file structure_38.cif (mmCIF, C-alpha atoms; chains and numbers go by the auth columns)
data_work
loop_
_atom_site.group_PDB
_atom_site.id
_atom_site.type_symbol
_atom_site.label_atom_id
_atom_site.label_comp_id
_atom_site.label_asym_id
_atom_site.label_seq_id
_atom_site.Cartn_x
_atom_site.Cartn_y
_atom_site.Cartn_z
_atom_site.B_iso_or_equiv
_atom_site.auth_seq_id
_atom_site.auth_asym_id
ATOM 1 C CA MET A 1 4.771 27.031 1.851 0.00 5 A
ATOM 2 C CA ALA A 2 7.596 27.363 -0.624 0.00 6 A
ATOM 3 C CA GLU A 3 9.457 24.194 -1.360 0.00 7 A
ATOM 4 C CA TYR A 4 13.144 24.717 -1.999 0.00 8 A
ATOM 5 C CA LYS A 5 14.645 22.292 -4.432 0.00 9 A
ATOM 6 C CA ASN A 6 18.226 21.714 -5.400 0.00 10 A
ATOM 7 C CA ARG A 7 19.228 20.914 -8.948 0.00 11 A
ATOM 8 C CA ILE A 8 22.512 19.141 -9.281 0.00 12 A
ATOM 9 C CA ALA A 9 24.341 17.540 -12.196 0.00 13 A
ATOM 10 C CA VAL A 10 25.756 14.060 -11.634 0.00 14 A
ATOM 11 C CA ASP A 11 27.463 11.492 -13.846 0.00 15 A
ATOM 12 C CA ILE A 12 26.030 7.990 -13.838 0.00 16 A
ATOM 13 C CA TYR A 13 27.564 5.384 -16.120 0.00 17 A
ATOM 14 C CA ASP A 14 29.221 8.136 -18.160 0.00 18 A
ATOM 15 C CA GLN A 15 26.035 10.064 -18.795 0.00 19 A
ATOM 16 C CA GLN A 16 25.049 13.320 -17.171 0.00 20 A
ATOM 17 C CA TYR A 17 21.797 13.576 -15.238 0.00 21 A
ATOM 18 C CA THR A 18 20.172 16.490 -13.505 0.00 22 A
ATOM 19 C CA LEU A 19 18.709 15.473 -10.188 0.00 23 A
ATOM 20 C CA VAL A 20 16.081 17.628 -8.565 0.00 24 A
ATOM 21 C CA GLY A 21 15.217 17.227 -4.923 0.00 25 A
ATOM 22 C CA ALA A 22 14.803 18.795 -1.550 0.00 26 A
ATOM 23 C CA GLU A 23 17.726 16.809 -0.116 0.00 27 A
ATOM 24 C CA ASN A 24 21.149 18.297 0.254 0.00 28 A
ATOM 25 C CA PRO A 25 23.508 17.976 -2.721 0.00 29 A
ATOM 26 C CA GLU A 26 25.913 15.681 -0.839 0.00 30 A
ATOM 27 C CA HIS A 27 23.165 13.154 -0.258 0.00 31 A
ATOM 28 C CA MET A 28 22.115 13.318 -3.914 0.00 32 A
ATOM 29 C CA ARG A 29 25.703 12.886 -5.124 0.00 33 A
ATOM 30 C CA TYR A 30 26.162 9.944 -2.758 0.00 34 A
ATOM 31 C CA VAL A 31 22.995 8.251 -4.071 0.00 35 A
ATOM 32 C CA ALA A 32 24.126 8.841 -7.678 0.00 36 A
ATOM 33 C CA ARG A 33 27.534 7.297 -6.898 0.00 37 A
ATOM 34 C CA LEU A 34 25.899 4.203 -5.389 0.00 38 A
ATOM 35 C CA VAL A 35 23.759 3.764 -8.520 0.00 39 A
ATOM 36 C CA ASP A 36 26.782 4.239 -10.774 0.00 40 A
ATOM 37 C CA GLU A 37 28.649 1.553 -8.805 0.00 41 A
ATOM 38 C CA LYS A 38 25.678 -0.805 -8.938 0.00 42 A
ATOM 39 C CA ILE A 39 25.315 -0.504 -12.723 0.00 43 A
ATOM 40 C CA ARG A 40 29.064 -1.068 -13.191 0.00 44 A
ATOM 41 C CA GLU A 41 28.952 -4.091 -10.872 0.00 45 A
ATOM 42 C CA ILE A 42 26.151 -5.577 -12.999 0.00 46 A
ATOM 43 C CA GLY A 43 28.098 -4.675 -16.148 0.00 47 A
ATOM 44 C CA VAL A 44 31.086 -6.684 -14.952 0.00 48 A
ATOM 45 C CA ARG A 45 28.958 -9.793 -14.433 0.00 49 A
ATOM 46 C CA ASN A 46 26.897 -9.284 -17.627 0.00 50 A
ATOM 47 C CA ALA A 47 29.171 -7.634 -20.144 0.00 51 A
ATOM 48 C CA GLY A 48 26.879 -8.539 -23.053 0.00 52 A
ATOM 49 C CA LEU A 49 23.900 -6.541 -21.794 0.00 53 A
ATOM 50 C CA ASP A 50 23.037 -3.138 -23.203 0.00 54 A
ATOM 51 C CA THR A 51 22.912 -0.146 -20.901 0.00 55 A
ATOM 52 C CA THR A 52 19.125 -0.151 -20.539 0.00 56 A
ATOM 53 C CA ARG A 53 19.112 -3.753 -19.335 0.00 57 A
ATOM 54 C CA LYS A 54 22.005 -3.087 -16.960 0.00 58 A
ATOM 55 C CA ALA A 55 20.144 -0.088 -15.530 0.00 59 A
ATOM 56 C CA VAL A 56 16.890 -2.067 -15.162 0.00 60 A
ATOM 57 C CA LEU A 57 18.725 -4.904 -13.413 0.00 61 A
ATOM 58 C CA ALA A 58 20.426 -2.368 -11.146 0.00 62 A
ATOM 59 C CA ALA A 59 16.975 -1.034 -10.232 0.00 63 A
ATOM 60 C CA VAL A 60 15.759 -4.604 -9.574 0.00 64 A
ATOM 61 C CA ASN A 61 18.754 -5.216 -7.353 0.00 65 A
ATOM 62 C CA VAL A 62 18.220 -2.099 -5.288 0.00 66 A
ATOM 63 C CA MET A 63 14.457 -2.713 -5.059 0.00 67 A
ATOM 64 C CA ASP A 64 15.155 -6.225 -3.794 0.00 68 A
ATOM 65 C CA ASP A 65 17.446 -4.782 -1.088 0.00 69 A
ATOM 66 C CA TYR A 66 14.794 -2.173 -0.275 0.00 70 A
ATOM 67 C CA VAL A 67 11.959 -4.685 0.160 0.00 71 A
ATOM 68 C CA LYS A 68 14.135 -6.859 2.421 0.00 72 A
ATOM 69 C CA LEU A 69 15.252 -3.882 4.486 0.00 73 A
ATOM 70 C CA GLN A 70 11.633 -2.763 4.797 0.00 74 A
ATOM 71 C CA GLU A 71 10.778 -6.130 6.348 0.00 75 A
ATOM 72 C CA LYS A 72 13.673 -5.854 8.811 0.00 76 A
ATOM 73 C CA TYR A 73 12.633 -2.294 9.649 0.00 77 A
ATOM 74 C CA ASP A 74 9.011 -3.332 10.252 0.00 78 A
ATOM 75 C CA SER A 75 10.200 -6.089 12.618 0.00 79 A
ATOM 76 C CA ALA A 76 12.415 -3.656 14.518 0.00 80 A
ATOM 77 C CA ILE A 77 9.535 -1.200 14.911 0.00 81 A
ATOM 78 C CA GLN A 78 7.229 -3.977 16.086 0.00 82 A
ATOM 79 C CA GLU A 79 9.818 -5.069 18.635 0.00 83 A
ATOM 80 C CA LEU A 80 10.187 -1.486 19.838 0.00 84 A
ATOM 81 C CA GLU A 81 6.428 -1.209 20.266 0.00 85 A
ATOM 82 C CA GLN A 82 6.324 -4.427 22.271 0.00 86 A
ATOM 83 C CA LYS A 83 8.982 -3.105 24.627 0.00 87 A
ATOM 84 C CA GLY A 84 6.842 -0.003 25.129 0.00 88 A
ATOM 85 C CA ASN A 85 8.206 2.998 27.002 0.00 89 A
ATOM 86 C CA MET B 1 26.701 -26.674 0.430 0.00 25 B
ATOM 87 C CA ALA B 2 24.598 -26.587 -2.700 0.00 26 B
ATOM 88 C CA GLU B 3 22.946 -23.279 -3.444 0.00 27 B
ATOM 89 C CA TYR B 4 19.533 -23.592 -5.014 0.00 28 B
ATOM 90 C CA LYS B 5 18.621 -20.764 -7.328 0.00 29 B
ATOM 91 C CA ASN B 6 15.389 -19.972 -9.061 0.00 30 B
ATOM 92 C CA ARG B 7 15.298 -18.601 -12.579 0.00 31 B
ATOM 93 C CA ILE B 8 12.167 -16.746 -13.453 0.00 32 B
ATOM 94 C CA ALA B 9 11.099 -14.684 -16.448 0.00 33 B
ATOM 95 C CA VAL B 10 9.516 -11.303 -15.736 0.00 34 B
ATOM 96 C CA ASP B 11 8.373 -8.395 -17.882 0.00 35 B
ATOM 97 C CA ILE B 12 9.687 -4.972 -16.975 0.00 36 B
ATOM 98 C CA TYR B 13 8.736 -2.019 -19.129 0.00 37 B
ATOM 99 C CA ASP B 14 7.690 -4.381 -21.928 0.00 38 B
ATOM 100 C CA GLN B 15 10.971 -6.260 -22.030 0.00 39 B
ATOM 101 C CA GLN B 16 11.567 -9.739 -20.732 0.00 40 B
ATOM 102 C CA TYR B 17 14.251 -10.350 -18.107 0.00 41 B
ATOM 103 C CA THR B 18 15.438 -13.526 -16.486 0.00 42 B
ATOM 104 C CA LEU B 19 15.988 -13.053 -12.785 0.00 43 B
ATOM 105 C CA VAL B 20 18.179 -15.486 -10.918 0.00 44 B
ATOM 106 C CA GLY B 21 18.083 -15.668 -7.162 0.00 45 B
ATOM 107 C CA ALA B 22 17.677 -17.763 -4.079 0.00 46 B
ATOM 108 C CA GLU B 23 14.454 -15.957 -3.132 0.00 47 B
ATOM 109 C CA ASN B 24 11.064 -17.422 -3.874 0.00 48 B
ATOM 110 C CA PRO B 25 9.533 -16.599 -7.259 0.00 49 B
ATOM 111 C CA GLU B 26 6.684 -14.579 -5.696 0.00 50 B
ATOM 112 C CA HIS B 27 9.146 -12.223 -4.060 0.00 51 B
ATOM 113 C CA MET B 28 11.090 -11.827 -7.327 0.00 52 B
ATOM 114 C CA ARG B 29 7.908 -11.150 -9.314 0.00 53 B
ATOM 115 C CA TYR B 30 6.809 -8.601 -6.718 0.00 54 B
ATOM 116 C CA VAL B 31 10.166 -6.792 -6.925 0.00 55 B
ATOM 117 C CA ALA B 32 9.992 -6.792 -10.741 0.00 56 B
ATOM 118 C CA ARG B 33 6.472 -5.319 -10.624 0.00 57 B
ATOM 119 C CA LEU B 34 7.606 -2.533 -8.295 0.00 58 B
ATOM 120 C CA VAL B 35 10.458 -1.655 -10.671 0.00 59 B
ATOM 121 C CA ASP B 36 8.108 -1.706 -13.663 0.00 60 B
ATOM 122 C CA GLU B 37 5.753 0.666 -11.832 0.00 61 B
ATOM 123 C CA LYS B 38 8.616 2.954 -10.841 0.00 62 B
ATOM 124 C CA ILE B 39 9.929 3.240 -14.422 0.00 63 B
ATOM 125 C CA ARG B 40 6.409 3.946 -15.726 0.00 64 B
ATOM 126 C CA GLU B 41 5.877 6.574 -13.015 0.00 65 B
ATOM 127 C CA ILE B 42 9.087 8.317 -14.111 0.00 66 B
ATOM 128 C CA GLY B 43 8.019 7.949 -17.746 0.00 67 B
ATOM 129 C CA VAL B 44 4.787 9.799 -17.056 0.00 68 B
ATOM 130 C CA ARG B 45 6.647 12.743 -15.552 0.00 69 B
ATOM 131 C CA ASN B 46 9.461 12.698 -18.147 0.00 70 B
ATOM 132 C CA ALA B 47 7.944 11.493 -21.392 0.00 71 B
ATOM 133 C CA GLY B 48 10.877 12.791 -23.436 0.00 72 B
ATOM 134 C CA LEU B 49 13.480 10.562 -21.801 0.00 73 B
ATOM 135 C CA ASP B 50 14.738 7.393 -23.447 0.00 74 B
ATOM 136 C CA THR B 51 14.321 4.071 -21.663 0.00 75 B
ATOM 137 C CA THR B 52 17.898 3.961 -20.353 0.00 76 B
ATOM 138 C CA ARG B 53 17.529 7.324 -18.656 0.00 77 B
ATOM 139 C CA LYS B 54 14.142 6.367 -17.215 0.00 78 B
ATOM 140 C CA ALA B 55 15.639 3.158 -15.836 0.00 79 B
ATOM 141 C CA VAL B 56 18.649 4.985 -14.364 0.00 80 B
ATOM 142 C CA LEU B 57 16.386 7.562 -12.729 0.00 81 B
ATOM 143 C CA ALA B 58 14.218 4.745 -11.368 0.00 82 B
ATOM 144 C CA ALA B 59 17.353 3.211 -9.827 0.00 83 B
ATOM 145 C CA VAL B 60 18.293 6.618 -8.355 0.00 84 B
ATOM 146 C CA ASN B 61 14.815 6.949 -6.885 0.00 85 B
ATOM 147 C CA VAL B 62 14.873 3.540 -5.239 0.00 86 B
ATOM 148 C CA MET B 63 18.450 4.023 -3.993 0.00 87 B
ATOM 149 C CA ASP B 64 17.384 7.314 -2.422 0.00 88 B
ATOM 150 C CA ASP B 65 14.530 5.532 -0.636 0.00 89 B
ATOM 151 C CA TYR B 66 16.935 2.760 0.403 0.00 90 B
ATOM 152 C CA VAL B 67 19.519 5.116 1.915 0.00 91 B
ATOM 153 C CA LYS B 68 16.803 6.954 3.864 0.00 92 B
ATOM 154 C CA LEU B 69 15.261 3.709 5.110 0.00 93 B
ATOM 155 C CA GLN B 70 18.727 2.477 6.139 0.00 94 B
ATOM 156 C CA GLU B 71 19.091 5.554 8.345 0.00 95 B
ATOM 157 C CA LYS B 72 15.672 4.953 9.926 0.00 96 B
ATOM 158 C CA TYR B 73 16.532 1.284 10.451 0.00 97 B
ATOM 159 C CA ASP B 74 19.864 2.143 12.097 0.00 98 B
ATOM 160 C CA SER B 75 18.056 4.522 14.478 0.00 99 B
ATOM 161 C CA ALA B 76 15.484 1.861 15.360 0.00 100 B
ATOM 162 C CA ILE B 77 18.227 -0.681 16.089 0.00 101 B
ATOM 163 C CA GLN B 78 20.085 1.839 18.216 0.00 102 B
ATOM 164 C CA GLU B 79 16.920 2.573 20.162 0.00 103 B
ATOM 165 C CA LEU B 80 16.346 -1.149 20.674 0.00 104 B
ATOM 166 C CA GLU B 81 19.885 -1.569 21.992 0.00 105 B
ATOM 167 C CA GLN B 82 19.401 1.302 24.397 0.00 106 B
ATOM 168 C CA LYS B 83 16.270 -0.340 25.785 0.00 107 B
ATOM 169 C CA GLY B 84 18.316 -3.488 26.399 0.00 108 B
ATOM 170 C CA ASN B 85 16.644 -6.853 26.840 0.00 109 B
#

call {"tool": "encode", "arguments": {"input": "structure_38.cif", "output": "structure tokens"}}
result
Amino acid sequence: MAEYKNRIAVDIYDQQYTLVGAENPEHMRYVARLVDEKIREIGVRNAGLDTTRKAVLAAVNVMDDYVKLQEKYDSAIQELEQKGN
Amino acid sequence: MAEYKNRIAVDIYDQQYTLVGAENPEHMRYVARLVDEKIREIGVRNAGLDTTRKAVLAAVNVMDDYVKLQEKYDSAIQELEQKGN
């Protein structure tokens, strides 16, 4: 089956990136904006860091949120299963 | 109320970072390892990119996963509310 992929250009921290994905362009632009905001937020608190370190810390931040949300999601699913149909 | 924070040193993509957070060190090390893996995974597919761009794309990747998981979580919570107590 053919897989249709969108290629879109986005700006993140004043650099252009080409994102490739099956998601719609709005979603991809939204995700890029959130990452841009996160890197800038880290930049404000750590002005001395170079861009690589800011980007890595942004990734750490988001991964931390992801792992915590995954735990909450797993609990919600477990609760749903206990309630049955 | 005093806020107790842990400072731990982690290696991500062969650089040392000091993470500061209220979470336990195991959790922080786990998150750092996931980010390290994600950057390396992107590096394998895009060997020509510099480290900053790999790190930014890793952040984009994780943010994409986060936004999708948030939608799934919201649906699960909604379903739970509909089932009542």

call {"tool": "residues_near_point", "arguments": {"input": "structure_38.cif", "point": "(25.8, 12.9, -13.6)", "cutoff": "12 Å", "atoms": "all atoms listed in the file", "output": "list in words"}}
result
Arg11, Ile12, Ala13, Val14, Asp15, Ile16, Tyr17, Asp18, Gln19, Gln20, Tyr21, Thr22, Leu23, Val24, Met32, Arg33, Tyr34, Val35, Ala36, Arg37, Leu38, Val39 and Asp40 of chain A; Arg77, Val80, Leu81 and Val84 of chain B

call {"tool": "resolve_selection", "arguments": {"input": "structure_38.cif", "expression": "the PyMOL selection byres ((chain A) within 6 of (chain B))", "output": "PyMOL selection string"}}
result
chain A and resi 35+56+59-60+63+68+70+77

call {"tool": "calpha_fit_and_write", "arguments": {"input": "structure_38.cif", "fixed": "chain B", "moving": "chain A", "output": "mmCIF file with C-alpha atoms, keeping the file's coordinate frame"}}
result
data_model
loop_
_atom_site.group_PDB
_atom_site.id
_atom_site.type_symbol
_atom_site.label_atom_id
_atom_site.label_comp_id
_atom_site.auth_asym_id
_atom_site.auth_seq_id
_atom_site.Cartn_x
_atom_site.Cartn_y
_atom_site.Cartn_z
ATOM 1 C CA MET A 5 26.691 -26.631 0.410
ATOM 2 C CA ALA A 6 24.587 -26.518 -2.717
ATOM 3 C CA GLU A 7 22.908 -23.237 -3.397
ATOM 4 C CA TYR A 8 19.512 -23.581 -5.016
ATOM 5 C CA LYS A 9 18.623 -20.778 -7.342
ATOM 6 C CA ASN A 10 15.390 -19.986 -9.078
ATOM 7 C CA ARG A 11 15.298 -18.625 -12.596
ATOM 8 C CA ILE A 12 12.169 -16.756 -13.465
ATOM 9 C CA ALA A 13 11.101 -14.686 -16.462
ATOM 10 C CA VAL A 14 9.520 -11.308 -15.741
ATOM 11 C CA ASP A 15 8.374 -8.394 -17.885
ATOM 12 C CA ILE A 16 9.689 -4.965 -16.973
ATOM 13 C CA TYR A 17 8.727 -2.007 -19.135
ATOM 14 C CA ASP A 18 7.692 -4.375 -21.928
ATOM 15 C CA GLN A 19 10.973 -6.244 -22.032
ATOM 16 C CA GLN A 20 11.584 -9.732 -20.737
ATOM 17 C CA TYR A 21 14.249 -10.350 -18.112
ATOM 18 C CA THR A 22 15.443 -13.529 -16.500
ATOM 19 C CA LEU A 23 16.003 -13.069 -12.805
ATOM 20 C CA VAL A 24 18.181 -15.501 -10.928
ATOM 21 C CA GLY A 25 18.092 -15.688 -7.169
ATOM 22 C CA ALA A 26 17.675 -17.769 -4.086
ATOM 23 C CA GLU A 27 14.446 -15.971 -3.143
ATOM 24 C CA ASN A 28 11.070 -17.430 -3.883
ATOM 25 C CA PRO A 29 9.530 -16.604 -7.269
ATOM 26 C CA GLU A 30 6.684 -14.582 -5.720
ATOM 27 C CA HIS A 31 9.146 -12.231 -4.081
ATOM 28 C CA MET A 32 11.085 -11.846 -7.335
ATOM 29 C CA ARG A 33 7.909 -11.160 -9.327
ATOM 30 C CA TYR A 34 6.811 -8.613 -6.725
ATOM 31 C CA VAL A 35 10.172 -6.800 -6.920
ATOM 32 C CA ALA A 36 9.997 -6.800 -10.741
ATOM 33 C CA ARG A 37 6.472 -5.328 -10.615
ATOM 34 C CA LEU A 38 7.613 -2.539 -8.281
ATOM 35 C CA VAL A 39 10.463 -1.662 -10.665
ATOM 36 C CA ASP A 40 8.115 -1.721 -13.653
ATOM 37 C CA GLU A 41 5.759 0.663 -11.825
ATOM 38 C CA LYS A 42 8.620 2.954 -10.839
ATOM 39 C CA ILE A 43 9.930 3.237 -14.410
ATOM 40 C CA ARG A 44 6.409 3.941 -15.713
ATOM 41 C CA GLU A 45 5.873 6.565 -13.000
ATOM 42 C CA ILE A 46 9.089 8.307 -14.096
ATOM 43 C CA GLY A 47 8.015 7.943 -17.735
ATOM 44 C CA VAL A 48 4.783 9.802 -17.032
ATOM 45 C CA ARG A 49 6.649 12.749 -15.518
ATOM 46 C CA ASN A 50 9.458 12.701 -18.130
ATOM 47 C CA ALA A 51 7.924 11.508 -21.363
ATOM 48 C CA GLY A 52 10.856 12.807 -23.424
ATOM 49 C CA LEU A 53 13.461 10.579 -21.782
ATOM 50 C CA ASP A 54 14.719 7.420 -23.438
ATOM 51 C CA THR A 55 14.321 4.105 -21.672
ATOM 52 C CA THR A 56 17.894 3.978 -20.372
ATOM 53 C CA ARG A 57 17.531 7.348 -18.660
ATOM 54 C CA LYS A 58 14.147 6.380 -17.223
ATOM 55 C CA ALA A 59 15.648 3.158 -15.854
ATOM 56 C CA VAL A 60 18.664 4.991 -14.376
ATOM 57 C CA LEU A 61 16.392 7.558 -12.727
ATOM 58 C CA ALA A 62 14.226 4.735 -11.383
ATOM 59 C CA ALA A 63 17.362 3.207 -9.848
ATOM 60 C CA VAL A 64 18.301 6.607 -8.359
ATOM 61 C CA ASN A 65 14.832 6.926 -6.897
ATOM 62 C CA VAL A 66 14.891 3.516 -5.274
ATOM 63 C CA MET A 67 18.462 4.012 -4.012
ATOM 64 C CA ASP A 68 17.398 7.298 -2.434
ATOM 65 C CA ASP A 69 14.529 5.499 -0.650
ATOM 66 C CA TYR A 70 16.943 2.743 0.389
ATOM 67 C CA VAL A 71 19.526 5.100 1.908
ATOM 68 C CA LYS A 72 16.808 6.940 3.858
ATOM 69 C CA LEU A 73 15.267 3.701 5.087
ATOM 70 C CA GLN A 74 18.713 2.475 6.122
ATOM 71 C CA GLU A 75 19.082 5.543 8.341
ATOM 72 C CA LYS A 76 15.666 4.946 9.922
ATOM 73 C CA TYR A 77 16.533 1.279 10.432
ATOM 74 C CA ASP A 78 19.865 2.138 12.081
ATOM 75 C CA SER A 79 18.064 4.518 14.470
ATOM 76 C CA ALA A 80 15.491 1.864 15.350
ATOM 77 C CA ILE A 81 18.228 -0.680 16.069
ATOM 78 C CA GLN A 82 20.108 1.834 18.203
ATOM 79 C CA GLU A 83 16.939 2.569 20.155
ATOM 80 C CA LEU A 84 16.351 -1.150 20.656
ATOM 81 C CA GLU A 85 19.886 -1.565 21.968
ATOM 82 C CA GLN A 86 19.418 1.300 24.409
ATOM 83 C CA LYS A 87 16.279 -0.318 25.785
ATOM 84 C CA GLY A 88 18.286 -3.502 26.322
ATOM 85 C CA ASN A 89 16.554 -6.730 27.302
#

call {"tool": "atom_distance", "arguments": {"input": "structure_38.cif", "atom1": "atom CA of Asn28 of chain A", "atom2": "atom CA of Glu41 of chain A"}}
result
20.5 Å

call {"tool": "axis_aligned_box", "arguments": {"input": "structure_38.cif", "around": "segment 40-46 of chain B", "padding_each_side": "4 Å", "output": "AutoDock Vina command-line options"}}
result
--center_x 14.9 --center_y -13.8 --center_z -12.4 --size_x 14.6 --size_y 16.0 --size_z 24.7

call {"tool": "atom_distance", "arguments": {"input": "structure_38.cif", "atom1": "atom CA of Arg69 of chain B", "atom2": "atom CA of Gly25 of chain A"}}
result
14.4 Å

call {"tool": "atom_distance", "arguments": {"input": "structure_38.cif", "atom1": "atom CA of Glu65 of chain B", "atom2": "atom CA of Ala26 of chain A"}}
result
19.0 Å
